file structure_7.cif (mmCIF, C-alpha atoms and all ligand atoms)
data_model
loop_
_atom_site.label_atom_id
_atom_site.label_comp_id
_atom_site.auth_asym_id
_atom_site.auth_seq_id
_atom_site.Cartn_x
_atom_site.Cartn_y
_atom_site.Cartn_z
CA MET K 26 24.51 -1.68 15.31
CA SER K 27 24.92 2.11 15.61
CA SER K 28 22.99 3.96 18.29
CA ILE K 29 20.89 5.70 15.60
CA SER K 30 19.72 2.43 14.07
CA ASN K 31 19.22 1.06 17.58
CA PHE K 32 16.93 3.98 18.32
CA LEU K 33 15.10 3.49 15.02
CA GLU K 34 14.56 -0.18 15.70
CA VAL K 35 13.38 0.19 19.27
CA PHE K 36 11.22 3.31 19.08
CA VAL K 37 10.25 3.72 15.46
CA ALA K 38 10.41 0.47 13.51
CA ARG K 39 8.50 -1.41 16.18
CA LYS K 40 5.70 1.12 15.99
CA TRP K 41 5.35 0.65 12.24
CA LEU K 42 6.33 -3.00 11.67
CA ALA K 43 4.75 -6.25 12.80
CA GLY K 44 8.05 -8.09 13.38
CA PRO K 45 10.48 -10.29 11.47
CA TYR K 46 8.32 -13.35 10.71
CA ILE K 47 5.09 -14.40 8.98
CA SER K 48 3.73 -15.37 12.39
CA ASP K 49 4.19 -11.73 13.51
CA ALA K 50 2.22 -10.49 10.49
CA ILE K 51 -0.53 -13.03 11.14
CA ARG K 52 -0.80 -12.02 14.81
CA ALA K 53 -0.92 -8.31 13.87
CA SER K 54 -3.62 -9.10 11.29
CA GLU K 55 -5.68 -11.03 13.83
CA ARG K 56 -5.57 -7.99 16.12
CA LEU K 57 -6.83 -5.78 13.27
CA ASN K 58 -9.52 -8.27 12.28
CA ARG K 59 -10.86 -8.19 15.83
CA LYS K 60 -11.51 -4.47 15.20
CA HIS K 61 -13.18 -5.23 11.85
CA VAL K 62 -10.16 -4.00 9.89
CA LYS K 63 -8.64 -5.98 7.03
CA ALA K 64 -4.86 -6.43 6.89
CA LEU K 65 -2.84 -5.55 3.81
CA ILE K 66 0.34 -7.57 4.31
CA ASN K 67 3.70 -6.72 2.76
CA TYR K 68 6.96 -8.59 3.19
CA LEU K 69 9.76 -6.03 3.51
CA GLY K 70 12.41 -5.79 0.81
CA GLU K 71 12.85 -4.07 -2.54
CA GLU K 72 15.17 -3.38 -5.46
CA TYR K 73 16.51 -6.90 -5.66
CA HIS K 74 19.16 -7.53 -8.30
CA LYS K 75 19.96 -11.06 -7.11
CA LYS K 76 17.92 -14.13 -8.00
CA GLU K 77 18.26 -15.56 -4.47
CA ASN K 78 16.63 -12.47 -2.91
CA VAL K 79 13.82 -12.59 -5.47
CA ASP K 80 13.27 -16.32 -4.89
CA ASP K 81 13.18 -15.75 -1.13
CA ALA K 82 10.52 -13.03 -1.51
CA VAL K 83 8.40 -15.17 -3.84
CA GLY K 84 8.68 -18.07 -1.37
CA GLN K 85 7.59 -15.78 1.45
CA TYR K 86 4.48 -14.64 -0.42
CA LEU K 87 3.52 -18.23 -1.30
CA GLU K 88 3.90 -19.20 2.34
CA LEU K 89 2.00 -16.12 3.45
CA VAL K 90 -0.96 -16.94 1.18
CA LYS K 91 -1.13 -20.44 2.69
CA GLU K 92 -0.92 -19.09 6.25
CA ILE K 93 -3.64 -16.50 5.62
CA ARG K 94 -5.96 -19.27 4.41
CA LYS K 95 -4.93 -21.76 7.10
CA LYS K 96 -5.56 -19.25 9.90
CA ASN K 97 -8.59 -17.81 8.07
CA ILE K 98 -7.37 -14.24 8.35
CA ASN K 99 -9.13 -11.35 6.63
CA ALA K 100 -6.05 -10.19 4.73
CA GLU K 101 -4.70 -9.27 1.31
CA ILE K 102 -1.09 -9.25 0.20
CA THR K 103 0.75 -6.35 -1.41
CA ILE K 104 3.96 -6.87 -3.34
CA LYS K 105 6.72 -4.56 -4.56
CA PRO K 106 7.52 -5.28 -8.23
CA THR K 107 11.30 -5.02 -7.70
CA GLN K 108 10.99 -7.53 -4.89
CA ILE K 109 9.78 -10.28 -7.20
CA GLY K 110 12.08 -9.74 -10.16
CA LEU K 111 11.34 -6.54 -12.09
CA LEU K 112 15.07 -5.74 -12.06
CA LEU K 113 15.84 -9.21 -13.46
CA GLY K 114 13.63 -8.56 -16.50
CA LYS K 115 9.95 -8.36 -17.32
CA ARG K 116 9.66 -12.09 -18.04
CA VAL K 117 10.99 -13.14 -14.63
CA PHE K 118 8.78 -10.53 -12.99
CA ALA K 119 5.65 -11.64 -14.87
CA ALA K 120 6.34 -15.32 -14.19
CA ASN K 121 6.74 -14.74 -10.44
CA TYR K 122 3.62 -12.59 -10.30
CA GLY K 123 1.72 -15.32 -12.16
CA ARG K 124 2.94 -17.97 -9.72
CA ILE K 125 1.87 -16.00 -6.66
CA LEU K 126 -1.45 -15.07 -8.25
CA GLU K 127 -2.28 -18.64 -9.18
CA LEU K 128 -1.95 -19.82 -5.58
CA ALA K 129 -3.61 -16.68 -4.21
CA ARG K 130 -6.63 -17.08 -6.51
CA LYS K 131 -7.03 -20.71 -5.44
CA ASN K 132 -6.98 -19.55 -1.82
CA HIS K 133 -9.15 -16.47 -2.37
CA VAL K 134 -6.43 -14.08 -1.29
CA PHE K 135 -6.35 -10.74 -3.13
CA VAL K 136 -2.95 -9.64 -4.53
CA TRP K 137 -1.93 -5.97 -4.84
CA PHE K 138 1.05 -4.37 -6.50
CA ASP K 139 2.67 -1.56 -4.55
CA MET K 140 3.96 1.14 -6.90
CA GLU K 141 7.64 2.07 -6.69
CA GLU K 142 9.93 4.59 -8.47
CA SER K 143 8.53 6.32 -11.56
CA TRP K 144 10.74 4.34 -14.00
CA SER K 145 8.93 1.15 -12.97
CA VAL K 146 5.36 2.36 -13.49
CA THR K 147 4.87 1.46 -17.18
CA ASP K 148 6.24 -2.08 -16.78
CA THR K 149 4.25 -2.66 -13.60
CA ILE K 150 1.02 -1.57 -15.27
CA ARG K 151 1.75 -3.74 -18.35
CA VAL K 152 2.41 -6.88 -16.34
CA PHE K 153 -0.58 -6.16 -14.11
CA ALA K 154 -2.82 -5.61 -17.17
CA SER K 155 -1.92 -9.04 -18.53
CA GLU K 156 -3.51 -10.64 -15.44
CA MET K 157 -6.23 -8.26 -14.28
CA GLY K 158 -8.93 -9.69 -16.54
CA LYS K 159 -8.97 -12.86 -14.45
CA GLY K 160 -9.55 -10.89 -11.22
CA GLY K 161 -8.12 -11.22 -7.74
CA THR K 162 -5.59 -8.47 -8.21
CA GLY K 163 -5.22 -4.68 -8.02
CA LEU K 164 -2.52 -2.04 -8.19
CA CYS K 165 -1.43 1.21 -6.62
CA ILE K 166 -1.40 4.52 -8.53
CA GLN K 167 0.53 7.57 -7.24
CA THR K 168 -0.97 11.04 -7.65
CA TYR K 169 2.40 12.82 -7.44
CA LEU K 170 2.79 11.68 -11.04
CA GLU K 171 1.13 13.78 -13.74
CA ARG K 172 0.39 10.58 -15.67
CA SER K 173 -1.82 9.22 -12.85
CA MET K 174 -5.09 10.56 -14.28
CA GLY K 175 -4.35 9.03 -17.71
CA ASP K 176 -3.37 5.72 -16.13
CA VAL K 177 -6.52 5.64 -14.01
CA LYS K 178 -8.73 6.44 -17.01
CA ALA K 179 -7.17 3.63 -19.07
CA LEU K 180 -7.34 1.15 -16.19
CA ALA K 181 -10.90 2.12 -15.23
CA LYS K 182 -12.08 1.27 -18.75
CA ARG K 183 -10.90 -2.28 -18.07
CA ASN K 184 -12.47 -2.42 -14.59
CA ALA K 185 -9.12 -2.52 -12.81
CA ILE K 186 -9.11 -2.30 -9.03
CA ILE K 187 -6.97 0.64 -7.99
CA ARG K 188 -5.47 1.83 -4.71
CA LEU K 189 -4.88 5.58 -4.93
CA VAL K 190 -2.01 7.12 -2.90
CA LYS K 191 0.06 10.32 -3.03
CA GLY K 192 3.37 8.48 -3.58
CA ALA K 193 6.31 7.83 -1.29
CA HIS K 194 9.28 7.67 -3.66
CA LYS K 195 11.40 10.32 -5.37
CA VAL K 196 9.28 12.69 -7.43
CA PRO K 197 10.76 12.60 -10.95
CA GLU K 198 12.20 15.81 -12.45
CA ARG K 199 9.78 15.57 -15.35
CA GLY K 200 6.20 14.44 -15.02
CA GLY K 201 5.91 14.85 -11.26
CA PHE K 202 4.12 17.41 -9.08
CA LYS K 203 6.69 19.29 -7.03
CA THR K 204 4.57 20.30 -4.04
CA ARG K 205 2.43 18.31 -1.62
CA GLU K 206 -0.43 20.74 -2.32
CA GLU K 207 -0.39 19.99 -6.09
CA THR K 208 -0.23 16.26 -5.32
CA THR K 209 -3.19 16.55 -2.96
CA GLN K 210 -5.22 18.55 -5.50
CA ASN K 211 -4.44 15.93 -8.15
CA PHE K 212 -5.45 13.18 -5.69
CA LEU K 213 -8.82 14.87 -5.20
CA LYS K 214 -9.30 15.17 -8.98
CA VAL K 215 -8.35 11.57 -9.74
CA MET K 216 -10.38 10.29 -6.80
CA GLU K 217 -13.46 12.15 -8.01
CA TYR K 218 -13.00 10.53 -11.43
CA MET K 219 -12.82 7.14 -9.70
CA PHE K 220 -16.04 7.79 -7.82
CA ARG K 221 -17.74 8.48 -11.12
CA HIS K 222 -16.20 5.64 -13.15
CA CYS K 223 -14.94 2.81 -10.91
CA GLY K 224 -17.06 0.38 -8.92
CA GLU K 225 -14.51 -0.68 -6.35
CA PHE K 226 -11.30 1.01 -5.19
CA THR K 227 -9.11 1.92 -2.22
CA VAL K 228 -8.21 5.36 -0.90
CA GLY K 229 -4.76 5.04 0.72
CA SER K 230 -4.22 8.15 2.83
CA HIS K 231 -4.11 9.55 6.37
CA ASP K 232 -5.01 13.02 5.17
CA SER K 233 -8.36 14.20 6.55
CA THR K 234 -8.86 16.51 3.54
CA ILE K 235 -8.87 13.43 1.32
CA ILE K 236 -10.73 11.05 3.60
CA ASP K 237 -13.47 13.60 4.39
CA ARG K 238 -13.96 14.28 0.68
CA ALA K 239 -14.12 10.55 -0.06
CA LEU K 240 -16.68 9.99 2.70
CA ALA K 241 -18.79 12.84 1.33
CA LEU K 242 -18.53 11.64 -2.28
CA ASN K 243 -19.52 8.15 -1.27
CA LYS K 244 -22.77 9.40 0.21
CA LYS K 245 -23.66 10.36 -3.36
CA TYR K 246 -22.00 7.58 -5.40
CA LYS K 247 -22.27 4.63 -2.98
CA LYS K 248 -19.23 2.76 -4.29
CA HIS K 249 -17.30 -0.14 -2.76
CA VAL K 250 -14.59 2.07 -1.18
CA THR K 251 -11.92 0.91 1.24
CA TYR K 252 -10.01 3.41 3.38
CA ALA K 253 -6.44 2.19 3.86
CA MET K 254 -3.76 3.45 6.22
CA LEU K 255 -0.28 2.41 7.30
CA THR K 256 0.27 0.68 10.63
CA GLY K 257 0.94 3.11 13.46
CA VAL K 258 0.04 6.37 11.75
CA ARG K 259 -3.65 6.91 12.54
CA ASN K 260 -4.74 3.54 13.92
CA ASP K 261 -7.36 5.04 16.22
CA TYR K 262 -8.99 6.89 13.36
CA ALA K 263 -8.94 3.74 11.21
CA PHE K 264 -10.68 1.81 13.99
CA GLU K 265 -13.22 4.61 14.38
CA LEU K 266 -14.02 4.51 10.65
CA ALA K 267 -14.45 0.74 10.83
CA LYS K 268 -16.75 1.14 13.83
CA ARG K 269 -18.85 3.54 11.79
CA GLY K 270 -19.30 0.76 9.23
CA GLU K 271 -16.72 1.84 6.61
CA ARG K 272 -14.47 -0.70 4.90
CA VAL K 273 -10.99 -0.19 6.33
CA SER K 274 -7.65 -1.87 5.83
CA ILE K 275 -4.28 -1.33 7.47
CA TYR K 276 -0.95 -2.00 5.77
CA VAL K 277 1.04 -4.49 7.83
CA THR K 278 4.74 -5.01 7.11
CA TYR K 279 6.97 -7.75 8.39
CA GLY K 280 10.46 -9.01 7.67
CA GLN K 281 14.05 -8.23 8.47
CA HIS K 282 14.64 -5.46 5.90
CA TRP K 283 13.10 -2.70 7.96
CA VAL K 284 15.66 0.09 7.51
CA ALA K 285 14.55 1.46 4.08
CA TYR K 286 10.89 1.33 5.07
CA THR K 287 11.50 3.11 8.36
CA TYR K 288 13.56 5.89 6.77
CA ARG K 289 10.83 6.43 4.13
CA ARG K 290 8.19 6.87 6.82
CA LEU K 291 10.48 9.22 8.79
CA LYS K 292 11.25 11.34 5.72
CA GLU K 293 7.54 11.73 5.10
CA ILE K 294 6.77 13.04 8.55
CA ASN K 295 8.62 16.35 8.54
CA ASN K 296 6.53 17.79 11.32
CA LEU K 297 7.83 16.91 14.79
CA LYS K 298 4.35 16.87 16.31
CA LEU K 299 3.31 14.25 13.78
CA ILE K 300 6.43 12.16 14.45
CA VAL K 301 5.68 12.15 18.16
CA ARG K 302 2.02 11.43 17.57
CA SER K 303 2.90 8.70 15.11
CA ILE K 304 5.40 7.02 17.42
CA PHE K 305 3.65 7.35 20.71
CA GLY K 306 0.04 8.01 19.72
CA GLY K 307 -2.49 5.69 18.16
C1 LIG K 401 -2.38 1.68 2.52
C2 LIG K 401 -1.28 2.47 1.89
C3 LIG K 401 -0.55 1.91 0.86
C4 LIG K 401 0.47 2.65 0.26
N1 LIG K 401 1.14 2.12 -0.81
C5 LIG K 401 2.05 2.88 -1.45
C6 LIG K 401 2.68 2.41 -2.65
O1 LIG K 401 2.45 1.30 -3.12
N2 LIG K 401 3.56 3.23 -3.27
C7 LIG K 401 3.85 4.48 -2.79
O2 LIG K 401 4.65 5.20 -3.43
N3 LIG K 401 3.30 4.94 -1.65
C8 LIG K 401 2.41 4.17 -0.98
N4 LIG K 401 1.83 4.66 0.17
C9 LIG K 401 2.35 5.89 0.81
C10 LIG K 401 1.67 7.12 0.25
O3 LIG K 401 2.08 7.30 -1.06
C11 LIG K 401 2.02 8.37 1.08
O4 LIG K 401 3.37 8.61 1.02
C12 LIG K 401 1.58 8.31 2.53
O5 LIG K 401 0.32 7.72 2.67
C13 LIG K 401 1.50 9.73 3.11
O6 LIG K 401 0.54 10.51 2.42
P1 LIG K 401 -0.88 10.85 3.06
O7 LIG K 401 -1.88 10.92 1.96
O8 LIG K 401 -1.18 9.92 4.14
O9 LIG K 401 -0.77 12.31 3.62
P2 LIG K 401 0.47 13.25 4.04
O10 LIG K 401 0.65 14.22 2.92
O11 LIG K 401 1.64 12.50 4.55
O12 LIG K 401 -0.15 13.96 5.27
C14 LIG K 401 -1.12 14.93 5.06
C15 LIG K 401 -1.90 15.23 6.29
O13 LIG K 401 -2.46 14.04 6.87
C16 LIG K 401 -2.72 14.28 8.20
N5 LIG K 401 -2.06 13.27 9.06
C17 LIG K 401 -1.03 12.46 8.74
N6 LIG K 401 -0.70 11.69 9.80
C18 LIG K 401 -1.54 12.05 10.79
C19 LIG K 401 -1.71 11.64 12.14
N7 LIG K 401 -0.93 10.70 12.69
N8 LIG K 401 -2.66 12.24 12.87
C20 LIG K 401 -3.43 13.21 12.36
N9 LIG K 401 -3.32 13.64 11.10
C21 LIG K 401 -2.39 13.07 10.33
C22 LIG K 401 -2.15 15.64 8.51
O14 LIG K 401 -3.17 16.59 8.38
C23 LIG K 401 -1.13 15.81 7.42
O15 LIG K 401 -0.78 17.15 7.18
C24 LIG K 401 0.79 3.96 0.75
C25 LIG K 401 0.03 4.51 1.77
C26 LIG K 401 -0.99 3.80 2.33
C27 LIG K 401 -1.79 4.45 3.42
#

call {"tool": "encode", "arguments": {"input": "structure_7.cif", "output": "structure tokens", "more": "lines below"}}
Ligand SMILES: Cc1cc2nc3c(=O)[nH]c(=O)nc-3n(C[C@H](O)[C@H](O)[C@H](O)COP(=O)(O)OP(=O)(O)OC[C@H]3O[C@@H](n4cnc5c(N)ncnc54)[C@H](O)[C@@H]3O)c2cc1C
result
Amino acid sequence: MSSISNFLEVFVARKWLAGPYISDAIRASERLNRKHVKALINYLGEEYHKKENVDDAVGQYLELVKEIRKKNINAEITIKPTQIGLLLGKRVFAANYGRILELARKNHVFVWFDMEESWSVTDTIRVFASEMGKGGTGLCIQTYLERSMGDVKALAKRNAIIRLVKGAHKVPERGGFKTREETTQNFLKVMEYMFRHCGEFTVGSHDSTIIDRALALNKKYKKHVTYAMLTGVRNDYAFELAKRGERVSIYVTYGQHWVAYTYRRLKEINNLKLIVRSIFGG
């Protein structure tokens, strides 16, 4: 292993990831639950072109659902579409999603879709929409995409449960907001629409501008809002919100494929103060 990836693993990845195994994710979730925070568990890995990788990921999620129930953890699971077969075709993807959902519904474990690159959005929404009527599932919408307001309006009409985020992948040349400021303004617009038209949803952000606005809007609308953050970014603030009686969840990742995830988080934090605070702070 190169010294750079050694550094990443020791100082960065460990701050953001629970560890390689399901048992690590369960232990991390138990710690969060003790602070009245729900865990949002993701098994690392994405963009799988090989059936064996897809089968492994599906197997992990099935196992994870059973472990969550067995240990009685307050946790949901969140899956990347390309991890469970989107690149092998929509039918494989839909079948794997259906399989995980069936077991998850039986065990009362909520299943989310993460949202990935912009090319995957339409297919992800379509497959999600085929199952959402039966409940127990929600999906992520990214406000760096111009289409996000239209998607949210269409999904809200069908009572979909949405997790709103800015977006962590490559902003597409066409149909994407180029600056963080435009993305944030769009987030605020879409979120306001959700307060008016959705009963239950998640605000996935560490940005105080967004969280403060959501807290203020909820005084008026009194919706079932969850504030969700990533492990290791603003844990102390998440715990404080939970202590104040807000619904809070923290995204917990585990698995061996930590490199892509770690680089994505690093790319996002372009301010050194925030890197230091994120690595060594709470
Ligand atoms: C629960 C969850 C699930 C997600 N799921 C997805 C997904 O499925 N698909 C996807 O593309 N993306 C996902 N993301 C990532 C998301 O899209 C963003 O890339 C990520 O959350 C960073 O955006 P932000 O809104 O937190 O604010 P940023 O724009 O990164 O930061 C804005 C401001 O937040 C404040 N801030 C940030 N960190 C700190 C800190 N440590 N201390 C104090 N202030 C701080 C600062 O004021 C900063 O300027 C998810 C994020 C979360 C939280």

call {"tool": "closest_atom_pairs", "arguments": {"input": "structure_7.cif", "of": "chain K", "to": "ligand LIG 401 (chain K)", "cutoff": "6 Å", "atoms": "all atoms listed in the file", "output": "tab-separated table"}}
result
residue	atom	partner	partner_atom	distance
K:Asp139	CA	K:LIG401	O1	3.2
K:Met140	CA	K:LIG401	O1	4.1
K:Glu141	CA	K:LIG401	O2	5.4
K:Cys165	CA	K:LIG401	O1	5.2
K:Val190	CA	K:LIG401	O3	4.5
K:Lys191	CA	K:LIG401	O3	4.1
K:Gly192	CA	K:LIG401	O3	3.1
K:Ala193	CA	K:LIG401	O2	3.8
K:His194	CA	K:LIG401	O2	5.3
K:Gly229	CA	K:LIG401	C27	4.1
K:Ser230	CA	K:LIG401	O7	3.7
K:His231	CA	K:LIG401	O8	3.7
K:Asp232	CA	K:LIG401	O13	3.2
K:Ser233	CA	K:LIG401	C16	5.9
K:Ala253	CA	K:LIG401	C1	4.3
K:Met254	CA	K:LIG401	C27	3.6
K:Leu255	CA	K:LIG401	C27	4.6
K:Val258	CA	K:LIG401	N7	4.5
K:Arg259	CA	K:LIG401	N7	4.7
K:Tyr276	CA	K:LIG401	C1	5.1
K:Glu293	CA	K:LIG401	O11	6.0
K:Leu299	CA	K:LIG401	N7	5.6
K:Arg302	CA	K:LIG401	N7	5.7
K:Ser303	CA	K:LIG401	N7	5.0

call {"tool": "residues_near_point", "arguments": {"input": "structure_7.cif", "point": "(17.3, -8.2, -9.9)", "cutoff": "7 Å", "atoms": "only C-alpha atoms", "output": "VMD selection string"}}
result
chain K and resid 72 to 76 110 to 113

call {"tool": "write_last_selection", "arguments": {"input": "structure_7.cif", "atoms": "C-alpha atoms", "output": "mmCIF file, in the frame of the given file"}}
result
data_model
loop_
_atom_site.group_PDB
_atom_site.id
_atom_site.type_symbol
_atom_site.label_atom_id
_atom_site.label_comp_id
_atom_site.auth_asym_id
_atom_site.auth_seq_id
_atom_site.Cartn_x
_atom_site.Cartn_y
_atom_site.Cartn_z
ATOM 1 C CA GLU K 72 15.170 -3.380 -5.460
ATOM 2 C CA TYR K 73 16.510 -6.900 -5.660
ATOM 3 C CA HIS K 74 19.160 -7.530 -8.300
ATOM 4 C CA LYS K 75 19.960 -11.060 -7.110
ATOM 5 C CA LYS K 76 17.920 -14.130 -8.000
ATOM 6 C CA GLY K 110 12.080 -9.740 -10.160
ATOM 7 C CA LEU K 111 11.340 -6.540 -12.090
ATOM 8 C CA LEU K 112 15.070 -5.740 -12.060
ATOM 9 C CA LEU K 113 15.840 -9.210 -13.460
#

call {"tool": "closest_atom_pairs", "arguments": {"input": "structure_7.cif", "of": "range 187-305 of chain K", "to": "range 169-174 of chain K", "cutoff": "9 Å", "atoms": "only C-alpha atoms", "output": "CSV"}}
result
residue,atom,partner,partner_atom,distance
K:Val190,CA,K:Tyr169,CA,8.5
K:Lys191,CA,K:Tyr169,CA,5.6
K:Gly192,CA,K:Tyr169,CA,5.9
K:Ala193,CA,K:Tyr169,CA,8.8
K:Val196,CA,K:Tyr169,CA,6.9
K:Pro197,CA,K:Leu170,CA,8.0
K:Arg199,CA,K:Glu171,CA,9.0
K:Gly200,CA,K:Glu171,CA,5.3
K:Gly201,CA,K:Leu170,CA,4.5
K:Phe202,CA,K:Tyr169,CA,5.2
K:Lys203,CA,K:Tyr169,CA,7.8
K:Thr204,CA,K:Tyr169,CA,8.5
K:Arg205,CA,K:Tyr169,CA,8.0
K:Glu207,CA,K:Tyr169,CA,7.8
K:Thr208,CA,K:Tyr169,CA,4.8
K:Thr209,CA,K:Tyr169,CA,8.1
K:Asn211,CA,K:Tyr169,CA,7.5
K:Phe212,CA,K:Tyr169,CA,8.1
K:Lys214,CA,K:Met174,CA,8.2
K:Val215,CA,K:Met174,CA,5.7
K:Tyr218,CA,K:Met174,CA,8.4

call {"tool": "closest_residue", "arguments": {"input": "structure_7.cif", "among": "K:His61, K:Lys247, K:Lys40, K:Lys159", "to": "Leu126 in chain K", "atoms": "all atoms listed in the file"}}
result
K:Lys159

call {"tool": "closest_residue", "arguments": {"input": "structure_7.cif", "among": "K:Ile235, K:Asn78, K:Val152, K:Trp144", "to": "Lys195 in chain K", "atoms": "only C-alpha atoms"}}
result
K:Trp144

call {"tool": "atom_distance", "arguments": {"input": "structure_7.cif", "atom1": "CA of Asp80 in chain K", "atom2": "CA of Pro106 in chain K"}}
result
12.9 Å

call {"tool": "closest_residue", "arguments": {"input": "structure_7.cif", "among": "K:Glu88, K:Asp81, K:Glu156, K:Asp176", "to": "Ala119 in chain K", "atoms": "all atoms listed in the file"}}
result
K:Glu156

call {"tool": "residues_around", "arguments": {"input": "structure_7.cif", "residues": "Thr256 in chain K", "least_positions_apart": "6", "cutoff": "10 Å", "atoms": "only C-alpha atoms", "output": "ChimeraX atom specification"}}
result
/K:40-43,53,57,64-65,263,274-278,303,307

call {"tool": "residues_near_point", "arguments": {"input": "structure_7.cif", "point": "(-18.6, 9.8, -0.3)", "cutoff": "12 Å", "atoms": "only C-alpha atoms", "output": "PDB file with C-alpha atoms, in the frame of the given file"}}
result
ATOM      1  CA  MET K 216     -10.380  10.290  -6.800  1.00  0.00           C
ATOM      2  CA  GLU K 217     -13.460  12.150  -8.010  1.00  0.00           C
ATOM      3  CA  MET K 219     -12.820   7.140  -9.700  1.00  0.00           C
ATOM      4  CA  PHE K 220     -16.040   7.790  -7.820  1.00  0.00           C
ATOM      5  CA  ARG K 221     -17.740   8.480 -11.120  1.00  0.00           C
ATOM      6  CA  VAL K 228      -8.210   5.360  -0.900  1.00  0.00           C
ATOM      7  CA  ILE K 235      -8.870  13.430   1.320  1.00  0.00           C
ATOM      8  CA  ILE K 236     -10.730  11.050   3.600  1.00  0.00           C
ATOM      9  CA  ASP K 237     -13.470  13.600   4.390  1.00  0.00           C
ATOM     10  CA  ARG K 238     -13.960  14.280   0.680  1.00  0.00           C
ATOM     11  CA  ALA K 239     -14.120  10.550  -0.060  1.00  0.00           C
ATOM     12  CA  LEU K 240     -16.680   9.990   2.700  1.00  0.00           C
ATOM     13  CA  ALA K 241     -18.790  12.840   1.330  1.00  0.00           C
ATOM     14  CA  LEU K 242     -18.530  11.640  -2.280  1.00  0.00           C
ATOM     15  CA  ASN K 243     -19.520   8.150  -1.270  1.00  0.00           C
ATOM     16  CA  LYS K 244     -22.770   9.400   0.210  1.00  0.00           C
ATOM     17  CA  LYS K 245     -23.660  10.360  -3.360  1.00  0.00           C
ATOM     18  CA  TYR K 246     -22.000   7.580  -5.400  1.00  0.00           C
ATOM     19  CA  LYS K 247     -22.270   4.630  -2.980  1.00  0.00           C
ATOM     20  CA  LYS K 248     -19.230   2.760  -4.290  1.00  0.00           C
ATOM     21  CA  HIS K 249     -17.300  -0.140  -2.760  1.00  0.00           C
ATOM     22  CA  VAL K 250     -14.590   2.070  -1.180  1.00  0.00           C
ATOM     23  CA  THR K 251     -11.920   0.910   1.240  1.00  0.00           C
ATOM     24  CA  TYR K 252     -10.010   3.410   3.380  1.00  0.00           C
ATOM     25  CA  GLU K 271     -16.720   1.840   6.610  1.00  0.00           C
TER      26      GLU K 271
END

call {"tool": "decode", "arguments": {"input": "structure_7.cif", "residues": "range 113-127 of chain K", "atoms": "N, CA and C atoms", "output": "PDB file, in the first residue's frame"}}
result
ATOM      1  N   LEU K 113     -25.995  -4.011 -14.923  1.00  0.00           N
ATOM      2  CA  LEU K 113     -26.246  -5.310 -15.581  1.00  0.00           C
ATOM      3  C   LEU K 113     -27.619  -5.310 -16.244  1.00  0.00           C
ATOM      4  N   GLY K 114     -28.327  -4.194 -16.151  1.00  0.00           N
ATOM      5  CA  GLY K 114     -29.647  -4.090 -16.789  1.00  0.00           C
ATOM      6  C   GLY K 114     -30.736  -3.826 -15.763  1.00  0.00           C
ATOM      7  N   LYS K 115     -31.776  -3.154 -16.245  1.00  0.00           N
ATOM      8  CA  LYS K 115     -32.846  -2.738 -15.319  1.00  0.00           C
ATOM      9  C   LYS K 115     -33.560  -3.923 -14.674  1.00  0.00           C
ATOM     10  N   ARG K 116     -33.653  -5.050 -15.434  1.00  0.00           N
ATOM     11  CA  ARG K 116     -34.378  -6.202 -14.866  1.00  0.00           C
ATOM     12  C   ARG K 116     -33.631  -6.809 -13.689  1.00  0.00           C
ATOM     13  N   VAL K 117     -32.314  -6.949 -13.841  1.00  0.00           N
ATOM     14  CA  VAL K 117     -31.494  -7.503 -12.747  1.00  0.00           C
ATOM     15  C   VAL K 117     -31.588  -6.568 -11.529  1.00  0.00           C
ATOM     16  N   PHE K 118     -31.455  -5.285 -11.817  1.00  0.00           N
ATOM     17  CA  PHE K 118     -31.502  -4.265 -10.769  1.00  0.00           C
ATOM     18  C   PHE K 118     -32.836  -4.336 -10.022  1.00  0.00           C
ATOM     19  N   ALA K 119     -33.938  -4.354 -10.781  1.00  0.00           N
ATOM     20  CA  ALA K 119     -35.266  -4.370 -10.154  1.00  0.00           C
ATOM     21  C   ALA K 119     -35.471  -5.650  -9.342  1.00  0.00           C
ATOM     22  N   ALA K 120     -34.987  -6.774  -9.882  1.00  0.00           N
ATOM     23  CA  ALA K 120     -35.176  -8.055  -9.184  1.00  0.00           C
ATOM     24  C   ALA K 120     -34.409  -8.054  -7.856  1.00  0.00           C
ATOM     25  N   ASN K 121     -33.178  -7.535  -7.877  1.00  0.00           N
ATOM     26  CA  ASN K 121     -32.383  -7.504  -6.635  1.00  0.00           C
ATOM     27  C   ASN K 121     -32.978  -6.564  -5.601  1.00  0.00           C
ATOM     28  N   TYR K 122     -33.460  -5.423  -6.082  1.00  0.00           N
ATOM     29  CA  TYR K 122     -34.123  -4.456  -5.185  1.00  0.00           C
ATOM     30  C   TYR K 122     -35.354  -5.128  -4.562  1.00  0.00           C
ATOM     31  N   GLY K 123     -36.133  -5.806  -5.385  1.00  0.00           N
ATOM     32  CA  GLY K 123     -37.339  -6.491  -4.903  1.00  0.00           C
ATOM     33  C   GLY K 123     -37.007  -7.532  -3.838  1.00  0.00           C
ATOM     34  N   ARG K 124     -35.911  -8.258  -4.071  1.00  0.00           N
ATOM     35  CA  ARG K 124     -35.505  -9.305  -3.120  1.00  0.00           C
ATOM     36  C   ARG K 124     -35.123  -8.711  -1.773  1.00  0.00           C
ATOM     37  N   ILE K 125     -34.349  -7.636  -1.812  1.00  0.00           N
ATOM     38  CA  ILE K 125     -33.927  -6.997  -0.552  1.00  0.00           C
ATOM     39  C   ILE K 125     -35.143  -6.392   0.157  1.00  0.00           C
ATOM     40  N   LEU K 126     -35.997  -5.738  -0.652  1.00  0.00           N
ATOM     41  CA  LEU K 126     -37.180  -5.098  -0.061  1.00  0.00           C
ATOM     42  C   LEU K 126     -38.109  -6.098   0.605  1.00  0.00           C
ATOM     43  N   GLU K 127     -38.275  -7.235  -0.021  1.00  0.00           N
ATOM     44  CA  GLU K 127     -39.202  -8.236   0.523  1.00  0.00           C
ATOM     45  C   GLU K 127     -38.757  -8.637   1.942  1.00  0.00           C
TER      46      GLU K 127
END
